[in-house]
>>> print(open('query04.txt').read())   # compact mmCIF, C-alpha atoms
# COMPACT_ATOMS: atom_id res chain seq x y z
CA LEU R 1052 98.29 58.30 47.96
CA VAL R 1053 99.76 61.47 49.47
CA CYS R 1054 99.14 62.45 53.10
CA VAL R 1055 99.00 66.26 53.17
CA GLY R 1056 99.98 67.87 56.47
CA ASN R 1057 101.47 64.70 57.95
CA ILE R 1058 103.73 65.34 60.97
CA ASP R 1059 106.45 62.74 61.39
CA PRO R 1060 108.53 62.17 64.56
CA VAL R 1061 111.55 64.44 64.96
CA PRO R 1062 114.12 64.82 67.76
CA GLU R 1063 112.94 66.66 70.86
CA VAL R 1064 113.77 70.40 70.92
CA CYS R 1065 112.60 71.38 74.45
CA ASP R 1066 109.56 73.34 73.31
CA GLY R 1067 106.90 71.70 75.48
CA LEU R 1068 105.66 69.55 72.59
CA ASP R 1069 105.93 65.81 71.93
CA ASN R 1070 108.26 66.21 68.95
CA ASP R 1071 109.35 62.55 68.77
CA CYS R 1072 105.78 61.23 69.23
CA ASP R 1073 106.65 59.00 72.19
CA GLY R 1074 103.74 60.25 74.27
CA THR R 1075 105.83 62.51 76.52
CA PRO R 1076 106.50 66.19 75.81
CA ASP R 1077 110.23 67.00 75.98
CA VAL R 1078 112.83 64.78 77.63
CA PRO R 1079 114.43 64.86 81.11
CA ALA R 1080 117.38 66.86 79.79
CA CYS R 1081 115.01 69.68 78.90
CA LEU R 1082 114.11 70.09 82.55
CA ALA R 1083 117.67 70.14 83.86
CA VAL R 1084 119.49 73.31 84.87
CA GLY R 1085 121.13 74.68 81.76
CA ALA R 1086 124.80 75.50 81.40
CA ASN R 1087 123.99 79.21 81.17
CA ASP R 1088 121.56 79.34 84.10
CA VAL R 1089 122.67 81.57 86.97
CA ARG R 1090 121.82 80.94 90.61
CA LEU R 1091 121.25 84.21 92.43
CA ASP R 1092 120.86 83.06 96.03
CA ASN R 1093 123.94 81.67 97.78
CA THR R 1094 122.54 80.02 100.88
CA THR R 1095 121.13 76.70 102.02
CA ALA R 1096 118.31 78.57 103.76
CA ASN R 1097 114.97 79.29 102.10
CA SER R 1098 114.92 81.78 99.22
CA ILE R 1099 111.29 82.41 98.29
CA GLN R 1100 108.79 85.00 97.05
CA LEU R 1101 110.89 85.97 94.01
CA ASP R 1102 109.81 88.99 91.96
CA MET R 1103 111.57 90.36 88.85
CA HIS R 1104 111.17 93.24 86.42
CA ALA R 1105 113.12 94.23 83.31
CA ARG R 1106 113.57 97.29 81.11
CA GLY R 1107 115.77 96.73 78.08
CA ASN R 1108 118.89 94.87 79.27
CA ARG R 1109 118.44 95.97 82.90
CA ILE R 1110 116.90 93.29 85.14
CA HIS R 1111 116.15 93.62 88.85
CA ALA R 1112 115.31 90.67 91.11
CA VAL R 1113 114.16 90.62 94.73
CA TRP R 1114 113.34 87.75 97.06
CA LEU R 1115 112.86 86.77 100.70
CA ASP R 1116 115.94 85.21 102.34
CA THR R 1117 116.02 83.45 105.72
CA SER R 1118 119.74 82.74 106.08
CA SER R 1119 120.15 85.25 108.95
CA GLY R 1120 117.40 83.61 110.99
CA ASP R 1121 115.05 86.49 110.14
CA ALA R 1122 113.05 87.09 106.98
CA ASN R 1123 114.97 89.69 104.96
CA ILE R 1124 114.66 91.10 101.44
CA LEU R 1125 117.64 90.62 99.09
CA HIS R 1126 118.18 92.26 95.71
CA ASN R 1127 120.35 91.68 92.67
CA CYS R 1128 120.68 93.37 89.31
CA SER R 1129 121.95 92.59 85.81
CA ALA R 1130 122.81 95.33 83.32
CA ASP R 1131 123.37 93.00 80.34
CA GLY R 1132 120.17 91.02 79.99
CA GLY R 1133 121.02 88.43 82.64
CA ALA R 1134 124.45 87.38 81.37
CA ASN R 1135 126.14 88.77 84.47
CA TRP R 1136 124.81 89.62 87.92
CA ARG R 1137 126.14 91.74 90.80
CA THR R 1138 126.62 90.75 94.44
CA ASN R 1139 123.40 90.18 96.40
CA TRP R 1140 122.42 93.19 98.51
CA GLY R 1141 120.23 93.20 101.59
CA VAL R 1142 117.84 96.06 100.85
CA ALA R 1143 115.74 95.31 103.92
CA THR R 1144 117.46 93.59 106.84
CA GLY R 1145 117.53 93.79 110.61
CA GLY R 1146 115.58 92.39 113.53
CA ALA R 1147 112.12 92.83 111.97
CA ASP R 1148 110.84 90.32 109.41
CA GLN R 1149 110.22 91.60 105.88
CA VAL R 1150 108.08 89.66 103.40
CA LYS R 1151 106.36 89.82 99.99
CA PRO R 1152 108.81 92.04 98.05
CA ARG R 1153 107.64 93.71 94.84
CA VAL R 1154 109.96 95.31 92.28
CA LEU R 1155 109.05 97.79 89.54
CA MET R 1156 111.25 99.57 86.99
CA ASP R 1157 110.02 102.95 85.84
CA PRO R 1158 109.19 102.72 82.11
CA SER R 1159 111.29 105.77 81.19
CA ALA R 1160 114.79 105.09 79.84
CA SER R 1161 116.55 106.60 82.88
CA GLY R 1162 113.84 106.07 85.49
CA PRO R 1163 114.48 104.48 88.89
CA VAL R 1164 113.66 101.06 90.26
CA TYR R 1165 111.20 100.76 93.15
CA ILE R 1166 111.19 97.95 95.72
CA ALA R 1167 108.21 97.70 98.06
CA TYR R 1168 107.75 95.19 100.87
CA GLU R 1169 105.78 94.38 104.00
CA GLN R 1170 107.60 94.64 107.33
CA PHE R 1171 106.22 93.18 110.53
CA GLN R 1172 105.65 95.44 113.51
CA GLY R 1173 104.35 93.16 116.21
CA ASN R 1174 101.64 91.03 114.62
CA ASN R 1175 100.82 93.54 111.87
CA ARG R 1176 102.57 94.41 108.64
CA ARG R 1177 103.65 97.88 107.51
CA VAL R 1178 104.25 99.08 103.91
CA TYR R 1179 107.75 100.29 102.98
CA ILE R 1180 109.34 101.34 99.69
CA LEU R 1181 112.90 101.99 98.47
CA THR R 1182 114.19 103.76 95.35
CA ASN R 1183 117.42 103.43 93.37
CA ASP R 1184 118.58 105.05 90.12
CA ALA R 1185 121.36 102.58 89.35
CA CYS R 1186 122.20 98.88 89.16
CA ASP R 1187 123.87 98.83 92.58
CA ASP R 1188 123.11 99.02 96.32
CA SER R 1189 122.65 102.81 96.53
CA PHE R 1190 119.03 102.72 97.65
CA ASN R 1191 117.55 105.64 99.52
CA THR R 1192 116.20 105.30 103.06
CA ALA R 1193 113.02 103.24 103.09
CA ALA R 1194 109.82 105.30 103.30
CA ARG R 1195 106.86 103.98 105.27
CA LEU R 1196 103.59 104.56 103.44
CA ASP R 1197 100.78 103.07 105.55
CA VAL R 1198 98.82 104.78 108.31
CA ASP R 1199 99.75 103.68 111.84
CA ASP R 1200 96.26 102.79 113.03
CA GLY R 1201 96.92 99.30 114.41
CA SER R 1202 95.63 97.52 111.30
CA ASP R 1203 97.44 95.01 109.07
CA SER R 1204 98.76 96.33 105.72
CA LEU R 1205 99.45 93.74 103.01
CA ASN R 1206 99.10 92.72 99.34
CA ILE R 1207 101.11 95.58 97.83
CA ASP R 1208 100.96 96.54 94.16
CA LEU R 1209 102.59 99.47 92.36
CA ALA R 1210 102.68 101.25 88.99
CA ALA R 1211 104.68 104.09 87.41
CA ASP R 1212 103.98 106.31 84.39
CA GLY R 1213 107.52 107.15 83.24
CA ALA R 1214 107.06 110.84 84.07
CA GLY R 1215 107.98 110.81 87.75
CA ARG R 1216 104.67 109.55 89.10
CA VAL R 1217 104.47 106.22 90.93
CA ALA R 1218 101.49 104.86 92.86
CA VAL R 1219 101.45 102.20 95.56
CA VAL R 1220 98.26 100.47 96.71
CA TRP R 1221 97.70 97.89 99.41
CA GLU R 1222 95.02 96.11 101.39
CA ASP R 1223 94.43 97.31 104.94
CA PHE R 1224 92.80 94.82 107.31
CA ASP R 1225 91.32 96.11 110.55
CA GLU R 1226 90.38 93.07 112.62
CA GLY R 1227 88.03 94.91 114.98
CA THR R 1228 86.65 93.37 118.13
CA THR R 1229 84.09 91.15 116.39
CA ILE R 1230 83.69 89.74 112.88
CA ASP R 1231 81.11 92.44 112.18
CA ASP R 1232 83.64 95.13 113.13
CA SER R 1233 86.35 93.78 110.83
CA ALA R 1234 87.07 95.76 107.65
CA ARG R 1235 89.23 95.40 104.55
CA ASN R 1236 90.03 98.60 102.68
CA VAL R 1237 92.26 99.71 99.81
CA TRP R 1238 94.77 102.49 100.48
CA LEU R 1239 96.92 104.56 98.12
CA SER R 1240 100.09 106.65 98.33
CA VAL R 1241 101.56 108.56 95.37
CA SER R 1242 104.93 110.12 94.56
CA THR R 1243 105.28 112.74 91.80
CA ASP R 1244 109.10 113.02 92.02
CA ASN R 1245 110.34 109.47 91.36
CA GLY R 1246 109.91 108.31 94.94
CA VAL R 1247 111.68 111.16 96.74
CA ASN R 1248 108.52 112.25 98.54
CA TRP R 1249 105.23 110.45 99.13
CA SER R 1250 101.69 111.64 99.73
CA THR R 1251 99.82 110.84 102.92
CA ALA R 1252 98.01 107.55 102.41
CA VAL R 1253 94.29 107.80 101.59
CA ARG R 1254 91.57 105.20 101.43
CA VAL R 1255 90.28 104.85 97.88
CA ASN R 1256 87.35 102.44 98.23
CA ALA R 1257 83.82 103.49 99.16
CA ASP R 1258 82.60 102.71 102.66
CA LEU R 1259 80.23 99.92 101.67
CA ASP R 1260 80.35 96.35 102.90
CA PRO R 1261 83.38 96.42 105.26
CA THR R 1262 84.40 92.87 104.37
CA GLU R 1263 84.59 93.18 100.57
CA SER R 1264 87.36 95.60 99.52
CA LEU R 1265 90.60 93.85 98.60
CA ALA R 1266 93.72 95.21 96.92
>>> encode(input="query04.txt", output="C-alpha cells")
Amino acid sequence: LVCVGNIDPVPEVCDGLDNDCDGTPDVPACLAVGANDVRLDNTTANSIQLDMHARGNRIHAVWLDTSSGDANILHNCSADGGANWRTNWGVATGGADQVKPRVLMDPSASGPVYIAYEQFQGNNRRVYILTNDACDDSFNTAARLDVDDGSDSLNIDLAADGAGRVAVVWEDFDEGTTIDDSARNVWLSVSTDNGVNWSTAVRVNADLDPTESLA
C-alpha cells in the first residue's frame, strides 16, 4: 500500500503553516524580533500611524511621534533595501498637532518622494504636503492644499504618474449648523511639476446627497 501525496511532519520554518503537525502554525521563535530587524523610532512615547513606500532599494517611512508632547510627523529613509537607515527627521513639527501621514514615491527612477499629512488648526484639520528628491532631510517648505472655509479636511490619498504629475485627494467635512446642513465632499489638488506648484483645490464630487461623498 502506497499513500500518494502524504505530508509528513517536518520542522517548523516560520511560513504560517503547521509544518510539524502539532496543531499550531509556527513556533514562538517565529514571532520574535529577528536579529536583522531594525527599530526606527527611538522613544518610549507612542509611535503610531506608520506608512511606508518603496521604489527599488529606496524605502521611505513616516509615522506619528508623541515624544515632544505634541503629535509630530517623523521620517526615515533607507537607500539599500532596508539594511541601513538614516537618522530620524522631523518633517512636520512645532506647536500644532500633525496626524495621519501618507508617503508616496514617484514611480519614475529619479522622481521625488511626497509626504502628505493632516495638521490641526483649532478643531479642524488642514492638508499639507512636502517634497524631497533625495534620501535625506532636504524637504521643501510644506504646501497647504485645502480651502480655508472652516471645514475639516481629512482622509488624504495621493497618486503620481512618473511624468511630473501628482494628485492629492481628501475628504472635506462641513459640519453645518444642523445634521441636515452637514456635508462631506471630495476635493482635489494637482501638481504638474513634481510638487513645486499646486493647483487651487476643486471639489470633484457631484452635489447630490450631502452626507454621502467620502474620500
>>> residues_around(input="query04.txt", residues="Asn1097 of chain R", least_positions_apart="5", cutoff="9 Å", atoms="all atoms listed in the file", output="number ranges by chain")
R: 1115-1118
>>> atom_distance(input="query04.txt", atom1="atom CA of Gln1170 of chain R", atom2="atom CA of Trp1136 of chain R")
26.4 Å
>>> closest_atom_pairs(input="query04.txt", of="segment 1205-1256 of chain R", to="segment 1184-1197 of chain R", cutoff="10 Å", atoms="all atoms listed in the file", output="tab-separated table")
residue	atom	partner	partner_atom	distance
R:Leu1205	CA	R:Asp1197	CA	9.8
R:Val1219	CA	R:Leu1196	CA	8.5
R:Val1220	CA	R:Leu1196	CA	9.5
R:Trp1221	CA	R:Asp1197	CA	8.6
R:Glu1222	CA	R:Asp1197	CA	9.9
R:Asp1223	CA	R:Asp1197	CA	8.6
R:Trp1238	CA	R:Asp1197	CA	7.9
R:Leu1239	CA	R:Asp1197	CA	8.5
R:Ser1240	CA	R:Leu1196	CA	6.5
R:Val1241	CA	R:Leu1196	CA	9.2
R:Asn1245	CA	R:Asp1184	CA	9.4
R:Gly1246	CA	R:Ala1194	CA	8.9
R:Val1247	CA	R:Asn1191	CA	8.5
R:Asn1248	CA	R:Ala1194	CA	8.5
R:Trp1249	CA	R:Leu1196	CA	7.5
R:Ser1250	CA	R:Leu1196	CA	8.2
R:Thr1251	CA	R:Leu1196	CA	7.3
R:Ala1252	CA	R:Asp1197	CA	6.1
R:Val1253	CA	R:Asp1197	CA	9.0
>>> closest_residue(input="query04.txt", among="R:Gln1149, R:Ala1134, R:Arg1109, R:Asp1203", to="Ser1161 of chain R", atoms="only C-alpha atoms")
R:Arg1109
>>> residues_around(input="query04.txt", residues="His1111 of chain R", least_positions_apart="2", cutoff="9 Å", atoms="only C-alpha atoms", output="list in words")
Asp1102, Met1103, His1104, Ala1105, Arg1106, Arg1109, Val1113, His1126, Asn1127, Cys1128, Ser1129, Ala1130, Val1154, Leu1155, Met1156, Val1164 and Cys1186 of chain R
>>> closest_residue(input="query04.txt", among="R:Asp1225, R:Ala1143, R:Asp1244, R:Ala1214", to="Tyr1179 of chain R", atoms="all atoms listed in the file")
R:Ala1143
>>> atom_distance(input="query04.txt", atom1="atom CA of Val1198 of chain R", atom2="atom CA of Pro1152 of chain R")
19.2 Å
>>> atom_distance(input="query04.txt", atom1="atom CA of Arg1216 of chain R", atom2="atom CA of Thr1243 of chain R")
4.2 Å
>>> closest_residue(input="query04.txt", among="R:Gly1107, R:Gly1120, R:Gly1074, R:Gly1133", to="Arg1090 of chain R", atoms="only C-alpha atoms")
R:Gly1133
>>> closest_residue(input="query04.txt", among="R:Asp1121, R:Asn1175, R:Asp1088, R:Ala1160", to="Asn1108 of chain R", atoms="only C-alpha atoms")
R:Ala1160
>>> closest_residue(input="query04.txt", among="R:Leu1209, R:Ala1112, R:Ile1058, R:Val1178", to="Leu1091 of chain R", atoms="all atoms listed in the file")
R:Ala1112
>>> closest_residue(input="query04.txt", among="R:Arg1176, R:Gly1213, R:Pro1060, R:Asn1123", to="Ala1096 of chain R", atoms="all atoms listed in the file")
R:Asn1123
